[in-house]
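Encoded as structure tokens, the structure appears first; notes follow it.
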Amino acid sequence: QRGHTRETSFFRIKTVLNNCGHNRFGFVISKKVAARATKRNRLKRILFTAIGAIEKITRGYDIIVYVLPHAGTVDEKIVLEDFKKIIKLL
């Protein structure tokens, strides 16, 4: 069991140290979150842009972001605020 897991009502984030000098991100958004691929891809783009806007993220981690099914039922702004909150904890 390596790494750490953090969870909010909309996300589960797993982090593991890597040997690179930079972070690598992966997003997992299932069909339970949004049935249409366009909505899932839009959510990925919004989350990826939010990562670029946050300056103080520790470097050198592999970060997997699981979007939980409940995130598909609420407004994108609420989901984005929750994501920014959990990313700042890294």
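Ordered as shown in the structure tokens, chains take letters A, B, and onward, while each chain numbers its residues from 1 and ligands are numbered from 1 in the order shown.
Counting only C-alpha atoms, Ile87 (chain A) has the following residues at most 9 Å away, ignoring those fewer than 5 positions along the same chain: Ile13, Ile51, Ile54, Ile57 and Asp82 of chain A.
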Expected file: the selected residues, C-alpha atoms, as a short mmCIF file (atom, residue, chain, number, x, y, z; two decimals), in the first residue's frame:
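Here's the written file part-v8.cif:
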data_model
loop_
_atom_site.label_atom_id
_atom_site.label_comp_id
_atom_site.auth_asym_id
_atom_site.auth_seq_id
_atom_site.Cartn_x
_atom_site.Cartn_y
_atom_site.Cartn_z
CA ILE A 13 -7.60 11.59 -5.07
CA ILE A 51 -4.87 22.55 -11.76
CA ILE A 54 -3.30 26.59 -8.53
CA ILE A 57 1.08 22.04 -5.67
CA ASP A 82 -14.63 21.34 -4.13
#
Quiz item: So which residues touch Thr58 (chain A) within 9 Å, counting only C-alpha atoms, skipping near sequence neighbours fewer than 2 positions away, as a list of chain:residue names?
Solution: A:His22, A:Asn23, A:Lys56, A:Gly60, A:Tyr61, A:Leu90
Practice problem: Fewer than 2 positions away in the same chain doesn't count, so skip those; otherwise give me all residues within 7 Å of Tyr66 (chain A), counting only C-alpha atoms, as a ChimeraX atom specification. | Solution: /A:11-13,27-29,64,68
Self-check item: DSSP-assigned alpha helix (DSSP H) members of chain A, reported as a VMD selection string
Solution: chain A and resid 37 to 53 76 to 88
Quiz item: In Å, how far is it from CA of His4 (chain A) to CA of Lys85 (chain A)?
Solution: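 Taking CA of His4 (chain A) as the start and CA of Lys85 (chain A) as the end point, the length is 16.4 Å.
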Practice problem: Excluding region 35-44 of chain A and residues on its chain fewer than 5 positions from it, collect all residues at most 12 Å away from it, counting only C-alpha atoms, and give them as a list in words. | Solution: Phe25, Gly26, Phe27, Val28, Ile29, Ser30, Thr49, Ala50, Ile51, Val65, Tyr66, Val67, Leu68, Pro69, Ala71, Gly72, Thr73, Asp75, Glu76, Lys77, Val79, Leu80 and Phe83 of chain A
Could you write out that same residue set with N, CA, C and O atoms as an mmCIF file, in the first residue's frame?
data_model
loop_
_atom_site.group_PDB
_atom_site.id
_atom_site.type_symbol
_atom_site.label_atom_id
_atom_site.label_comp_id
_atom_site.auth_asym_id
_atom_site.auth_seq_id
_atom_site.Cartn_x
_atom_site.Cartn_y
_atom_site.Cartn_z
ATOM 1 N N PHE A 25 -0.876 13.839 -13.904
ATOM 2 C CA PHE A 25 -2.274 13.748 -13.508
ATOM 3 C C PHE A 25 -3.022 12.769 -14.387
ATOM 4 O O PHE A 25 -2.755 12.659 -15.583
ATOM 5 N N GLY A 26 -3.964 12.068 -13.794
ATOM 6 C CA GLY A 26 -4.882 11.203 -14.526
ATOM 7 C C GLY A 26 -6.279 11.422 -13.972
ATOM 8 O O GLY A 26 -6.457 11.588 -12.762
ATOM 9 N N PHE A 27 -7.260 11.471 -14.852
ATOM 10 C CA PHE A 27 -8.646 11.677 -14.440
ATOM 11 C C PHE A 27 -9.460 10.448 -14.791
ATOM 12 O O PHE A 27 -9.353 9.921 -15.896
ATOM 13 N N VAL A 28 -10.281 9.997 -13.845
ATOM 14 C CA VAL A 28 -11.167 8.862 -14.070
ATOM 15 C C VAL A 28 -12.587 9.360 -13.853
ATOM 16 O O VAL A 28 -12.973 9.723 -12.740
ATOM 17 N N ILE A 29 -13.336 9.411 -14.968
ATOM 18 C CA ILE A 29 -14.727 9.864 -14.908
ATOM 19 C C ILE A 29 -15.567 8.792 -15.588
ATOM 20 O O ILE A 29 -15.497 8.611 -16.801
ATOM 21 N N SER A 30 -16.348 8.079 -14.816
ATOM 22 C CA SER A 30 -17.112 6.952 -15.363
ATOM 23 C C SER A 30 -18.421 7.425 -15.985
ATOM 24 O O SER A 30 -18.825 8.582 -15.850
ATOM 25 N N THR A 49 -7.781 22.636 -16.213
ATOM 26 C CA THR A 49 -7.482 24.079 -16.172
ATOM 27 C C THR A 49 -7.387 24.570 -14.736
ATOM 28 O O THR A 49 -6.574 25.450 -14.444
ATOM 29 N N ALA A 50 -8.183 24.012 -13.860
ATOM 30 C CA ALA A 50 -8.125 24.411 -12.447
ATOM 31 C C ALA A 50 -6.774 24.051 -11.837
ATOM 32 O O ALA A 50 -6.252 24.782 -10.998
ATOM 33 N N ILE A 51 -6.183 22.953 -12.272
ATOM 34 C CA ILE A 51 -4.873 22.552 -11.756
ATOM 35 C C ILE A 51 -3.820 23.576 -12.150
ATOM 36 O O ILE A 51 -2.968 23.960 -11.354
ATOM 37 N N VAL A 65 -7.204 11.345 -10.108
ATOM 38 C CA VAL A 65 -8.418 12.002 -9.629
ATOM 39 C C VAL A 65 -9.611 11.173 -10.089
ATOM 40 O O VAL A 65 -9.873 11.044 -11.287
ATOM 41 N N TYR A 66 -10.316 10.588 -9.132
ATOM 42 C CA TYR A 66 -11.543 9.846 -9.414
ATOM 43 C C TYR A 66 -12.714 10.788 -9.144
ATOM 44 O O TYR A 66 -12.843 11.314 -8.042
ATOM 45 N N VAL A 67 -13.538 10.999 -10.154
ATOM 46 C CA VAL A 67 -14.730 11.822 -9.968
ATOM 47 C C VAL A 67 -15.856 10.885 -9.570
ATOM 48 O O VAL A 67 -16.170 9.928 -10.288
ATOM 49 N N LEU A 68 -16.458 11.152 -8.431
ATOM 50 C CA LEU A 68 -17.508 10.276 -7.907
ATOM 51 C C LEU A 68 -18.849 10.568 -8.584
ATOM 52 O O LEU A 68 -19.079 11.698 -9.055
ATOM 53 N N PRO A 69 -19.733 9.596 -8.665
ATOM 54 C CA PRO A 69 -20.991 9.758 -9.410
ATOM 55 C C PRO A 69 -21.850 10.938 -8.965
ATOM 56 O O PRO A 69 -22.536 11.538 -9.780
ATOM 57 N N ALA A 71 -21.011 13.849 -8.422
ATOM 58 C CA ALA A 71 -20.554 15.093 -9.054
ATOM 59 C C ALA A 71 -21.337 15.421 -10.321
ATOM 60 O O ALA A 71 -21.421 16.579 -10.717
ATOM 61 N N GLY A 72 -21.914 14.435 -10.962
ATOM 62 C CA GLY A 72 -22.660 14.668 -12.188
ATOM 63 C C GLY A 72 -24.029 15.275 -11.975
ATOM 64 O O GLY A 72 -24.661 15.725 -12.923
ATOM 65 N N THR A 73 -24.491 15.324 -10.730
ATOM 66 C CA THR A 73 -25.849 15.792 -10.463
ATOM 67 C C THR A 73 -25.911 17.236 -9.976
ATOM 68 O O THR A 73 -26.999 17.766 -9.819
ATOM 69 N N ASP A 75 -24.148 21.474 -9.940
ATOM 70 C CA ASP A 75 -23.591 22.495 -10.824
ATOM 71 C C ASP A 75 -22.067 22.381 -10.901
ATOM 72 O O ASP A 75 -21.404 22.043 -9.917
ATOM 73 N N GLU A 76 -21.517 22.688 -12.080
ATOM 74 C CA GLU A 76 -20.074 22.578 -12.295
ATOM 75 C C GLU A 76 -19.281 23.512 -11.387
ATOM 76 O O GLU A 76 -18.159 23.196 -11.004
ATOM 77 N N LYS A 77 -19.839 24.661 -11.039
ATOM 78 C CA LYS A 77 -19.129 25.612 -10.172
ATOM 79 C C LYS A 77 -18.909 25.037 -8.784
ATOM 80 O O LYS A 77 -17.850 25.219 -8.188
ATOM 81 N N VAL A 79 -18.715 21.821 -8.060
ATOM 82 C CA VAL A 79 -17.731 20.751 -8.221
ATOM 83 C C VAL A 79 -16.329 21.349 -8.328
ATOM 84 O O VAL A 79 -15.377 20.851 -7.718
ATOM 85 N N LEU A 80 -16.195 22.439 -9.068
ATOM 86 C CA LEU A 80 -14.899 23.088 -9.248
ATOM 87 C C LEU A 80 -14.354 23.634 -7.930
ATOM 88 O O LEU A 80 -13.164 23.490 -7.634
ATOM 89 N N PHE A 83 -13.080 20.784 -5.921
ATOM 90 C CA PHE A 83 -11.822 20.295 -6.489
ATOM 91 C C PHE A 83 -10.656 21.184 -6.079
ATOM 92 O O PHE A 83 -9.592 20.693 -5.695
#
